[in-house]
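With TSV, C-alpha atoms inside, this is start00.tsv:
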```
chain	number	residue	atom	x	y	z
V	115	MET	CA	-18.04	-2.39	-0.57
V	116	VAL	CA	-18.60	0.90	-2.27
V	117	LEU	CA	-15.92	2.95	-4.02
V	118	GLN	CA	-16.20	6.70	-4.21
V	119	PHE	CA	-16.79	8.14	-7.69
V	120	LEU	CA	-13.36	8.57	-9.28
V	121	LEU	CA	-11.93	9.94	-12.51
V	122	ILE	CA	-8.73	8.47	-13.88
V	123	LEU	CA	-7.35	10.67	-16.63
V	124	VAL	CA	-4.51	9.78	-18.98
V	125	ALA	CA	-3.77	10.83	-22.56
V	126	ALA	CA	-1.11	10.25	-25.20
V	127	THR	CA	2.44	11.24	-24.22
V	128	PRO	CA	3.40	14.66	-25.62
V	129	PRO	CA	6.99	15.41	-26.64
V	130	ASN	CA	7.67	17.55	-23.56
V	131	ALA	CA	6.42	14.85	-21.14
V	132	GLN	CA	4.11	17.32	-19.43
V	133	TYR	CA	0.53	16.97	-18.33
V	134	THR	CA	-2.08	19.67	-18.35
V	135	LEU	CA	-5.40	19.99	-16.59
V	136	THR	CA	-7.69	22.37	-18.46
V	137	CYS	CA	-11.17	23.47	-17.41
V	138	LYS	CA	-13.67	25.05	-19.82
V	139	LEU	CA	-16.21	26.91	-17.73
V	140	GLU	CA	-19.62	28.26	-18.64
V	141	GLY	CA	-20.00	31.54	-16.84
V	142	LYS	CA	-18.16	32.68	-13.73
V	143	THR	CA	-17.94	29.61	-11.50
V	144	HIS	CA	-16.21	28.71	-8.26
V	145	VAL	CA	-13.43	26.15	-8.76
V	146	LYS	CA	-11.70	24.32	-5.95
V	147	LEU	CA	-8.72	22.16	-6.89
V	148	ARG	CA	-6.70	20.25	-4.32
V	149	LYS	CA	-3.60	18.10	-4.71
V	150	TYR	CA	-2.89	15.15	-2.44
V	151	ASN	CA	0.40	15.39	-0.57
V	152	PHE	CA	1.57	11.88	0.28
V	153	ASP	CA	4.11	13.23	2.78
V	154	ILE	CA	1.47	14.74	5.05
V	155	ARG	CA	-1.31	12.31	3.98
V	156	ASN	CA	-3.69	15.14	3.15
V	157	TYR	CA	-4.85	17.45	0.39
V	158	GLU	CA	-3.36	20.90	-0.20
V	159	THR	CA	-5.45	23.56	-1.90
V	160	ILE	CA	-4.09	24.71	-5.28
V	161	ILE	CA	-7.02	26.82	-6.52
V	162	ASP	CA	-10.01	28.11	-4.57
V	163	ARG	CA	-11.68	30.98	-6.39
V	164	LYS	CA	-14.17	31.95	-9.09
V	165	LEU	CA	-13.01	31.58	-12.67
V	166	LYS	CA	-14.50	32.24	-16.09
V	167	GLY	CA	-13.90	30.80	-19.55
V	168	THR	CA	-11.06	28.39	-20.36
V	169	HIS	CA	-8.36	27.97	-17.73
V	170	GLN	CA	-5.28	25.77	-17.67
V	171	LEU	CA	-5.42	24.82	-14.03
V	172	VAL	CA	-2.22	22.76	-14.11
V	173	GLN	CA	0.69	22.53	-16.52
V	174	THR	CA	3.78	20.75	-15.25
V	175	ASP	CA	6.23	17.95	-15.98
V	176	PHE	CA	4.99	14.50	-15.11
V	177	GLU	CA	7.20	12.97	-12.42
V	178	GLU	CA	4.98	10.47	-10.64
V	179	PRO	CA	1.31	9.44	-10.29
V	180	THR	CA	-0.56	12.41	-8.87
V	181	VAL	CA	-3.93	12.72	-7.19
V	182	TYR	CA	-6.16	15.78	-7.42
V	183	ARG	CA	-9.64	16.47	-6.17
V	184	ILE	CA	-11.83	19.06	-7.88
V	185	SER	CA	-15.24	20.63	-7.47
V	186	ILE	CA	-16.86	23.12	-9.84
V	187	GLY	CA	-19.69	25.13	-8.37
V	188	ASP	CA	-21.83	22.68	-6.40
V	189	GLN	CA	-20.65	19.67	-8.44
V	190	ASP	CA	-18.01	17.48	-6.83
V	191	LEU	CA	-16.16	15.70	-9.63
V	192	GLY	CA	-14.28	13.54	-7.14
V	193	ARG	CA	-10.68	12.49	-7.50
V	194	ILE	CA	-8.59	12.97	-10.62
V	195	PHE	CA	-5.63	10.60	-11.04
V	196	VAL	CA	-2.81	11.70	-13.34
V	197	ASP	CA	-0.89	8.58	-14.36
V	198	GLY	CA	1.35	10.01	-17.06
V	199	PRO	CA	1.96	12.95	-19.42
V	200	GLY	CA	-1.03	14.10	-21.43
V	201	HIS	CA	-4.01	16.40	-21.60
V	202	ILE	CA	-6.96	16.35	-19.24
V	203	ILE	CA	-9.97	18.43	-20.20
V	204	ILE	CA	-13.02	19.20	-18.07
V	205	HIS	CA	-15.97	20.81	-19.79
V	206	LYS	CA	-19.72	21.08	-19.44
V	207	LYS	CA	-21.91	18.61	-21.26
V	208	GLU	CA	-25.65	19.10	-21.01
V	209	ASP	CA	-26.21	20.04	-17.36
V	210	LYS	CA	-22.97	18.84	-15.71
V	211	TYR	CA	-19.20	18.99	-16.05
V	212	VAL	CA	-17.47	15.92	-17.48
V	213	VAL	CA	-13.90	14.80	-18.08
V	214	GLU	CA	-12.41	13.61	-21.36
V	215	GLY	CA	-9.26	11.63	-22.05
V	216	SER	CA	-9.40	8.83	-19.50
V	217	PRO	CA	-8.54	5.26	-20.58
V	218	GLY	CA	-7.92	4.35	-16.93
V	219	ARG	CA	-11.40	5.46	-15.99
V	220	GLU	CA	-13.00	2.52	-17.78
V	221	ARG	CA	-10.80	0.02	-15.96
V	222	LEU	CA	-11.67	1.48	-12.59
V	223	SER	CA	-15.32	1.53	-13.58
V	224	GLN	CA	-15.09	-2.17	-14.39
V	225	PHE	CA	-13.49	-2.82	-11.01
V	226	HIS	CA	-16.27	-0.87	-9.32
V	227	GLN	CA	-18.86	-2.83	-11.29
V	228	THR	CA	-17.26	-6.10	-10.21
V	229	LEU	CA	-17.49	-5.08	-6.56
V	230	SER	CA	-21.17	-4.26	-6.98
V	231	GLU	CA	-21.92	-7.51	-8.78
V	232	TYR	CA	-20.23	-9.64	-6.13
V	233	GLU	CA	-21.88	-7.64	-3.37
V	234	LYS	CA	-25.23	-8.68	-4.88
V	235	ARG	CA	-24.08	-12.30	-5.14
V	236	PHE	CA	-22.97	-12.33	-1.50
V	237	ALA	CA	-26.17	-10.68	-0.23
V	238	PRO	CA	-28.41	-13.82	-0.28
V	239	TYR	CA	-25.79	-15.74	1.71
V	240	LYS	CA	-25.64	-12.96	4.29
V	241	ASP	CA	-29.44	-12.89	4.60
V	242	GLN	CA	-29.55	-16.66	4.93
V	243	ALA	CA	-26.79	-16.63	7.55
V	244	ASP	CA	-28.61	-13.93	9.53
V	245	ARG	CA	-31.77	-16.06	9.63
V	246	LEU	CA	-29.86	-19.19	10.59
V	247	LEU	CA	-27.98	-17.25	13.24
V	248	GLU	CA	-31.26	-16.20	14.87
V	249	ASP	CA	-32.30	-19.87	14.97
V	250	GLU	CA	-28.80	-20.96	16.05
V	251	ASN	CA	-28.80	-23.50	13.22
V	252	TRP	CA	-25.03	-24.07	13.22
V	253	ASP	CA	-25.02	-27.07	10.87
V	254	GLN	CA	-26.68	-25.14	8.03
V	255	ILE	CA	-24.49	-22.12	8.76
V	256	ALA	CA	-21.44	-24.33	8.20
V	257	GLU	CA	-22.85	-25.37	4.81
V	258	VAL	CA	-23.45	-21.73	3.87
V	259	ASN	CA	-19.86	-20.88	4.84
V	260	ILE	CA	-18.54	-23.52	2.43
V	261	GLU	CA	-20.43	-21.86	-0.44
V	262	VAL	CA	-19.25	-18.41	0.65
V	263	ASP	CA	-15.61	-19.58	0.72
V	264	ARG	CA	-15.93	-20.83	-2.86
V	265	LEU	CA	-17.37	-17.52	-3.98
V	266	LEU	CA	-14.66	-15.60	-2.11
V	267	ASP	CA	-11.96	-17.54	-3.93
V	268	GLU	CA	-13.54	-16.63	-7.27
V	269	PHE	CA	-13.96	-13.01	-6.12
V	270	TYR	CA	-10.30	-12.55	-5.18
V	271	LYS	CA	-9.08	-14.07	-8.45
V	272	THR	CA	-11.29	-11.62	-10.36
V	273	LEU	CA	-9.97	-8.66	-8.35
V	274	ARG	CA	-6.41	-9.76	-9.02
V	275	ASN	CA	-7.06	-9.74	-12.76
V	276	HIS	CA	-8.46	-6.20	-12.52
V	277	LEU	CA	-5.48	-4.93	-10.51
V	278	GLU	CA	-2.94	-6.50	-12.85
V	279	ASP	CA	-4.77	-4.95	-15.80
V	280	MET	CA	-4.58	-1.50	-14.19
V	281	GLY	CA	-0.77	-1.63	-14.08
V	282	THR	CA	0.74	1.65	-12.85
V	283	SER	CA	-2.55	3.54	-13.12
V	284	GLY	CA	-3.56	5.38	-9.96
V	285	ALA	CA	-6.76	3.36	-10.26
V	286	ALA	CA	-4.93	0.38	-8.77
V	287	TYR	CA	-3.93	2.36	-5.69
V	288	VAL	CA	-7.48	3.61	-5.16
V	289	ALA	CA	-8.98	0.18	-5.77
V	290	LEU	CA	-6.90	-1.23	-2.91
V	291	GLN	CA	-8.66	1.07	-0.45
V	292	ALA	CA	-11.73	-1.19	-0.71
V	293	LEU	CA	-9.68	-4.21	0.44
V	294	ASP	CA	-8.18	-5.45	3.70
V	295	ILE	CA	-4.41	-5.80	3.52
V	296	HIS	CA	-4.40	-8.62	6.08
V	297	LYS	CA	-6.87	-10.72	4.12
V	298	GLN	CA	-5.78	-9.70	0.60
V	299	ALA	CA	-2.06	-9.14	1.22
V	300	GLU	CA	-1.10	-10.72	-2.11
V	301	LEU	CA	-3.11	-8.13	-4.04
V	302	PHE	CA	-1.39	-5.27	-2.21
V	303	GLU	CA	2.02	-6.78	-2.93
V	304	ILE	CA	1.20	-7.13	-6.64
V	305	VAL	CA	0.33	-3.44	-6.91
V	306	LEU	CA	3.29	-2.38	-4.77
V	307	SER	CA	5.78	-4.34	-6.88
V	308	THR	CA	4.42	-2.63	-10.00
V	309	TYR	CA	4.85	0.82	-8.49
V	310	GLN	CA	8.33	-0.05	-7.17
V	311	LEU	CA	9.37	-1.09	-10.68
V	312	HIS	CA	8.02	1.94	-12.53
V	313	HIS	CA	7.83	4.67	-9.85
V	314	PRO	CA	10.21	3.63	-7.01
V	315	ASN	CA	10.35	7.08	-5.40
V	316	ALA	CA	6.71	8.11	-5.84
V	317	GLY	CA	4.52	9.14	-2.94
V	318	ILE	CA	2.06	6.35	-3.71
V	319	THR	CA	4.90	3.82	-3.57
V	320	THR	CA	6.06	5.11	-0.20
V	321	VAL	CA	2.57	4.95	1.29
V	322	LEU	CA	2.04	1.41	0.04
V	323	GLU	CA	5.45	0.34	1.37
V	324	GLU	CA	4.55	1.70	4.79
V	325	LYS	CA	1.14	0.02	4.69
V	326	VAL	CA	2.64	-3.35	3.75
V	327	ALA	CA	5.28	-2.96	6.45
V	328	LYS	CA	2.57	-2.19	8.99
V	329	SER	CA	0.66	-5.29	7.98
V	330	GLN	CA	3.75	-7.35	8.76
V	331	LEU	CA	3.28	-6.49	12.43
V	332	LEU	CA	1.05	-9.58	12.43
V	333	SER	CA	3.56	-11.77	10.58
V	334	LYS	CA	4.63	-15.10	12.05
V	335	GLY	CA	7.52	-14.66	14.48
V	336	LYS	CA	6.79	-11.01	15.29
V	337	THR	CA	6.26	-10.05	18.92
V	338	MET	CA	2.79	-8.76	19.76
V	339	GLU	CA	3.03	-5.45	21.60
V	340	ASP	CA	1.28	-5.20	24.93
V	341	PHE	CA	-2.10	-3.51	25.24
V	342	VAL	CA	-4.41	-2.66	28.14
V	343	PHE	CA	-8.21	-2.26	27.94
V	344	PRO	CA	-11.16	-2.58	30.33
V	345	ASN	CA	-13.13	-5.81	30.63
V	346	GLN	CA	-16.90	-6.08	31.20
V	347	SER	CA	-16.50	-5.01	34.83
V	348	GLY	CA	-14.31	-2.04	33.97
V	349	THR	CA	-11.14	-3.70	35.26
V	350	MET	CA	-8.06	-2.97	33.14
V	351	VAL	CA	-6.58	-6.13	31.64
V	352	SER	CA	-3.25	-6.37	29.79
V	353	LEU	CA	-1.96	-8.88	27.26
V	354	LYS	CA	1.10	-9.40	29.49
V	355	LYS	CA	-1.18	-11.09	32.00
V	356	TYR	CA	-1.40	-14.02	29.57
V	357	ARG	CA	2.34	-14.62	29.16
V	358	GLY	CA	3.08	-18.32	29.53
V	359	LYS	CA	-0.12	-19.28	27.71
V	360	LEU	CA	-1.14	-19.68	24.10
V	361	VAL	CA	-3.55	-16.80	23.40
V	362	LEU	CA	-5.97	-16.12	20.57
V	363	VAL	CA	-6.69	-12.38	20.40
V	364	ASP	CA	-10.11	-12.35	18.74
V	365	PHE	CA	-11.35	-9.10	17.15
V	366	TRP	CA	-15.15	-9.04	16.93
V	367	ALA	CA	-18.24	-6.81	17.15
V	368	THR	CA	-21.98	-7.30	17.63
V	369	TRP	CA	-22.67	-5.97	14.11
V	370	CYS	CA	-20.42	-8.64	12.54
V	371	PRO	CA	-22.54	-11.77	11.85
V	372	ASN	CA	-19.51	-13.82	10.81
V	373	CYS	CA	-17.95	-13.09	14.19
V	374	LEU	CA	-21.02	-14.47	15.98
V	375	ILE	CA	-21.12	-17.49	13.67
V	376	GLU	CA	-17.59	-18.43	14.77
V	377	PHE	CA	-18.42	-18.38	18.49
V	378	PRO	CA	-19.81	-21.96	18.77
V	379	GLU	CA	-16.66	-23.42	17.17
V	380	LEU	CA	-14.41	-21.22	19.28
V	381	LYS	CA	-16.24	-22.35	22.40
V	382	LYS	CA	-15.65	-26.00	21.50
V	383	ILE	CA	-11.96	-25.31	20.88
V	384	TYR	CA	-11.65	-23.31	24.09
V	385	ARG	CA	-13.16	-26.08	26.21
V	386	ALA	CA	-10.95	-28.71	24.54
V	387	TYR	CA	-7.65	-26.88	25.07
V	388	LYS	CA	-8.13	-24.57	28.04
V	389	THR	CA	-6.59	-27.07	30.44
V	390	HIS	CA	-3.54	-27.24	28.16
V	391	GLY	CA	-2.86	-23.53	28.59
V	392	PHE	CA	-4.92	-22.06	25.76
V	393	GLU	CA	-6.81	-18.78	26.25
V	394	ILE	CA	-8.96	-16.46	24.16
V	395	LEU	CA	-9.00	-12.70	24.65
V	396	GLY	CA	-11.82	-10.89	22.83
V	397	ILE	CA	-11.34	-7.29	21.65
V	398	THR	CA	-14.25	-5.12	20.45
V	399	THR	CA	-14.41	-1.55	19.11
V	400	ASN	CA	-16.85	0.71	17.22
V	401	ASP	CA	-19.73	-0.86	19.08
V	402	ASN	CA	-22.45	-0.09	21.60
V	403	PRO	CA	-21.17	-1.09	25.07
V	404	LYS	CA	-24.62	-2.30	26.18
V	405	LYS	CA	-25.08	-4.41	23.04
V	406	TRP	CA	-21.54	-5.72	23.56
V	407	GLN	CA	-22.33	-6.78	27.13
V	408	HIS	CA	-25.60	-8.36	26.03
V	409	GLN	CA	-23.97	-10.34	23.20
V	410	ILE	CA	-21.31	-11.72	25.53
V	411	GLU	CA	-24.06	-13.01	27.80
V	412	LYS	CA	-26.25	-14.25	24.94
V	413	SER	CA	-23.39	-16.13	23.28
V	414	LYS	CA	-22.25	-17.39	26.71
V	415	LEU	CA	-18.63	-16.51	26.03
V	416	GLU	CA	-16.41	-18.13	28.61
V	417	TRP	CA	-13.30	-16.02	28.06
V	418	THR	CA	-12.33	-12.45	28.92
V	419	ASN	CA	-13.54	-9.71	26.58
V	420	LEU	CA	-12.12	-6.18	26.41
V	421	PHE	CA	-13.51	-2.96	24.93
V	422	ASP	CA	-11.16	-0.85	22.78
V	423	GLU	CA	-13.28	2.31	22.93
V	424	LYS	CA	-10.97	4.51	20.83
V	425	ALA	CA	-9.99	1.75	18.38
V	426	GLU	CA	-6.35	2.13	19.45
V	427	LEU	CA	-5.36	-1.49	18.81
V	428	TYR	CA	-7.43	-1.74	15.64
V	429	GLN	CA	-5.66	1.33	14.22
V	430	ARG	CA	-2.22	0.21	15.38
V	431	LEU	CA	-2.61	-3.13	13.60
V	432	ASP	CA	-4.65	-1.70	10.69
V	433	ILE	CA	-7.57	-4.06	11.29
V	434	LYS	CA	-10.24	-3.16	8.70
V	435	GLN	CA	-12.48	-6.21	8.34
V	436	LEU	CA	-13.96	-8.57	10.91
V	437	PRO	CA	-13.67	-11.24	12.07
V	438	ALA	CA	-9.92	-11.09	12.61
V	439	ASN	CA	-7.58	-12.74	15.07
V	440	VAL	CA	-3.96	-13.22	16.12
V	441	LEU	CA	-2.57	-16.36	17.77
V	442	ILE	CA	0.29	-15.68	20.18
V	443	ASP	CA	2.60	-18.19	21.85
V	444	GLU	CA	3.76	-18.33	25.47
V	445	ASN	CA	6.47	-15.72	24.83
V	446	GLY	CA	4.23	-13.24	23.06
V	447	GLN	CA	5.37	-14.18	19.54
V	448	ILE	CA	2.82	-14.48	16.74
V	449	ILE	CA	2.13	-17.98	15.45
V	450	GLY	CA	-0.52	-16.97	12.92
V	451	SER	CA	-3.26	-14.48	12.15
V	452	HIS	CA	-6.70	-14.40	10.51
V	453	LEU	CA	-7.15	-18.09	11.26
V	454	SER	CA	-10.39	-19.95	10.66
V	455	PRO	CA	-11.63	-22.13	13.55
V	456	THR	CA	-10.52	-25.18	11.55
V	457	GLU	CA	-7.00	-23.78	11.09
V	458	LEU	CA	-6.84	-22.82	14.75
V	459	GLU	CA	-7.92	-26.28	15.90
V	460	HIS	CA	-5.29	-27.88	13.65
V	461	ILE	CA	-2.50	-25.74	15.15
V	462	LEU	CA	-3.61	-26.47	18.71
V	463	SER	CA	-3.96	-30.19	18.03
V	464	GLU	CA	-0.43	-30.39	16.64
V	465	ARG	CA	0.97	-28.34	19.49
V	466	PHE	CA	-0.77	-30.04	22.41
V	467	ASN	CA	-1.52	-33.52	21.09
V	468	GLY	CA	1.44	-33.95	18.82
V	469	SER	CA	-0.83	-35.16	16.01
```

Would you put the structure from the file into structure tokens?
Amino acid sequence: MVLQFLLILVAATPPNAQYTLTCKLEGKTHVKLRKYNFDIRNYETIIDRKLKGTHQLVQTDFEEPTVYRISIGDQDLGRIFVDGPGHIIIHKKEDKYVVEGSPGRERLSQFHQTLSEYEKRFAPYKDQADRLLEDENWDQIAEVNIEVDRLLDEFYKTLRNHLEDMGTSGAAYVALQALDIHKQAELFEIVLSTYQLHHPNAGITTVLEEKVAKSQLLSKGKTMEDFVFPNQSGTMVSLKKYRGKLVLVDFWATWCPNCLIEFPELKKIYRAYKTHGFEILGITTNDNPKKWQHQIEKSKLEWTNLFDEKAELYQRLDIKQLPANVLIDENGQIIGSHLSPTELEHILSERFNGS
């Protein structure tokens, strides 16, 4: 998890509630300033020319959190987030341009540092799991997963504290881009509620509302839309084919070790409940088709697997992190999503065994 270098710039509120973006240049230098348009989900160029001396690039009333991106000469300063009225100054210090007046920058830096620290803490577990996976040592893998789950719980609590501390700063919106809305939905809702309270009509608020709404496509009770993709033999298979059965749509890839680690448990569950009308339908994207075929054979997967070559379903459902899954009932309605094998087995046991 790596965040792009960002600059969050806020200063004291002036009487006229305006914000200014001023650049003090050394020599005639090319400046490119772009503003993010949340309506079209893209940047629009504001300035793209050579300038000299001190220039007030922007002076306008503050209405809502605004995102700029600026480069000076061959130096990309990254994104600039304007979170309120104030003065933003870019000037050269030693051999590079820097920004002054950014209390939000420190908070985002701390968030970034937290991500890096936890990435280092997770790394040994990943290396250990990779070695155990090669040896197919499933018992020790299960023990490693318990430790990882504990660390994940601590990790998410720490991220929540960072996001709450950021408040209405644009840093919170950017920080969310490193997370998966399906697996960290609560964090997205915390940030969204803050924006809705303070900036209900802002572009950032609208985008987050749409993203949260999209994530609810996998909410319990929703109907899973049909999809059609080729299986290993190239035959097109649709979800509708499985109506009348309980189906786990399992999103996985060969480069996802946690996906492979789940296979033995899924195979046990599949064998136990297949005769009751339970099926698994694997979906893979962003992968090498030959490696995909090989992994299916190596893992001895007993269920149908499909290849979403253009990531159509992944994009439709906003699947960002693997493994991921959706459990669908006989009528195509979602029972649950992002279930662990243990949670899945519990649901199936209650449904088929009445226990």

**OP:** Enter the distance from CA of Val363 in chain V to CA of Met350 in chain V, in Å, rounded to one decimal.
**Re:**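 Interatomic distance here is 15.9 Å.
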
Original post:
What does the distance between CA of Ile161 in chain V and CA of Asp209 in chain V come to in Å, to one decimal place?
Top reply: 23.1 Å

Original post:
In Å, how far is it from CA of Glu250 in chain V to CA of Pro455 in chain V?
Top reply: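 Straight-line distance from CA of Glu250 in chain V to CA of Pro455 in chain V works out to 17.4 Å.
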
**OP:** Would you list the residues near (-14.1, -14.1, -8.9), meaning any protein, DNA or RNA residue with an atom at most 12 Å from that point in file coordinates, counting only C-alpha atoms, as a ChimeraX atom specification?
**Re:** /V:225,228-229,231-233,235-236,262-276

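All residues of protein, DNA or RNA that reach within 9 Å of range 306-315 of chain V, judged by all atoms listed in the file and not counting those fewer than 3 positions away in the chain, are Glu177, Glu178, Pro179, Glu278, Gly281, Thr282, Tyr287, Leu301, Phe302, Glu303, Ile318, Thr319, Thr320, Leu322, Glu323 and Val326 of chain V.
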
Dump as a PDB file, in the frame of the given file, selection limited to C-alpha atoms:
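The resulting file, out_17.pdb, is reproduced below:
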```pdb
ATOM      1  CA  GLU V 177       7.200  12.970 -12.420  1.00  0.00           C
ATOM      2  CA  GLU V 178       4.980  10.470 -10.640  1.00  0.00           C
ATOM      3  CA  PRO V 179       1.310   9.440 -10.290  1.00  0.00           C
ATOM      4  CA  GLU V 278      -2.940  -6.500 -12.850  1.00  0.00           C
ATOM      5  CA  GLY V 281      -0.770  -1.630 -14.080  1.00  0.00           C
ATOM      6  CA  THR V 282       0.740   1.650 -12.850  1.00  0.00           C
ATOM      7  CA  TYR V 287      -3.930   2.360  -5.690  1.00  0.00           C
ATOM      8  CA  LEU V 301      -3.110  -8.130  -4.040  1.00  0.00           C
ATOM      9  CA  PHE V 302      -1.390  -5.270  -2.210  1.00  0.00           C
ATOM     10  CA  GLU V 303       2.020  -6.780  -2.930  1.00  0.00           C
ATOM     11  CA  ILE V 318       2.060   6.350  -3.710  1.00  0.00           C
ATOM     12  CA  THR V 319       4.900   3.820  -3.570  1.00  0.00           C
ATOM     13  CA  THR V 320       6.060   5.110  -0.200  1.00  0.00           C
ATOM     14  CA  LEU V 322       2.040   1.410   0.040  1.00  0.00           C
ATOM     15  CA  GLU V 323       5.450   0.340   1.370  1.00  0.00           C
ATOM     16  CA  VAL V 326       2.640  -3.350   3.750  1.00  0.00           C
TER      17      VAL V 326
END
```

Subject >> Top pick for closest residue to Gly215 in chain V, considering V:Tyr428, V:Phe421, V:Phe152, V:Tyr133 and counting all atoms listed in the file >> reply: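 Closest candidate: V:Tyr133.
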
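Contact shell of His201 in chain V at 7 Å (only C-alpha atoms; same-chain neighbours under 2 positions omitted): Ala125, Tyr133, Thr134, Leu135 and Ile203 of chain V.
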
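The environment of Ile383 in chain V within 10 Å, counting all atoms listed in the file and disregarding residues fewer than 6 places along the same chain, consists of Phe377, Phe392, Glu393, Ile394, Pro455, Thr456, Leu458, Glu459, Leu462 and Ser463 of chain V.
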
Original post:
What lies within 7 Å of Met280 in chain V using only C-alpha atoms, ignoring chain neighbours under 5 positions off, as a ChimeraX atom specification?
Top reply: /V:221,285-286

**OP:** Just the residues within 12 Å of Lys404 in chain V, please, counting all atoms listed in the file, with nothing from its chain fewer than 5 positions along; format it as an MDAnalysis selection string.
**Re:** chainID V and resid 346 367:368 409:411 421

Subject >> Pick from V:Thr136, V:Lys359, V:Glu379, V:Leu332 nearest to Ile449 in chain V, counting all atoms listed in the file >> reply: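 When distances to Ile449 in chain V are compared using all atoms listed in the file, the smallest one comes from V:Leu332.
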
Original post:
For Asn345 in chain V, which of V:Ile295, V:Ile204, V:Val258, V:Ile397 is the closest residue, counting all atoms listed in the file?
Top reply: V:Ile397

Subject >> Option closest in space to Thr349 in chain V, from V:Ile461, V:Leu420, V:Leu453, V:Val440 [counting all atoms listed in the file] >> reply: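 Counting all atoms listed in the file, the residue closest to Thr349 in chain V is V:Leu420.
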
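Distances to Asn259 in chain V were evaluated for V:Ile160, V:Ala299, V:Leu441, V:Ile375 using only C-alpha atoms, and the minimum falls at V:Ile375.
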
Subject >> Nearest-residue call for Ser451 in chain V, choices V:Lys334, V:Lys234, V:His226, V:Lys210, using all atoms listed in the file >> reply: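 Once distances to Ser451 in chain V are computed over all atoms listed in the file, the minimum belongs to V:Lys334.
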
Box centre and edge lengths (Å, one decimal), axis-aligned, range 374-387 of chain V plus 4 Å each side, as lines of an AutoDock Vina configuration file:
```
center_x = -14.4
center_y = -21.6
center_z = 19.9
size_x = 21.5
size_y = 22.2
size_z = 20.5
```
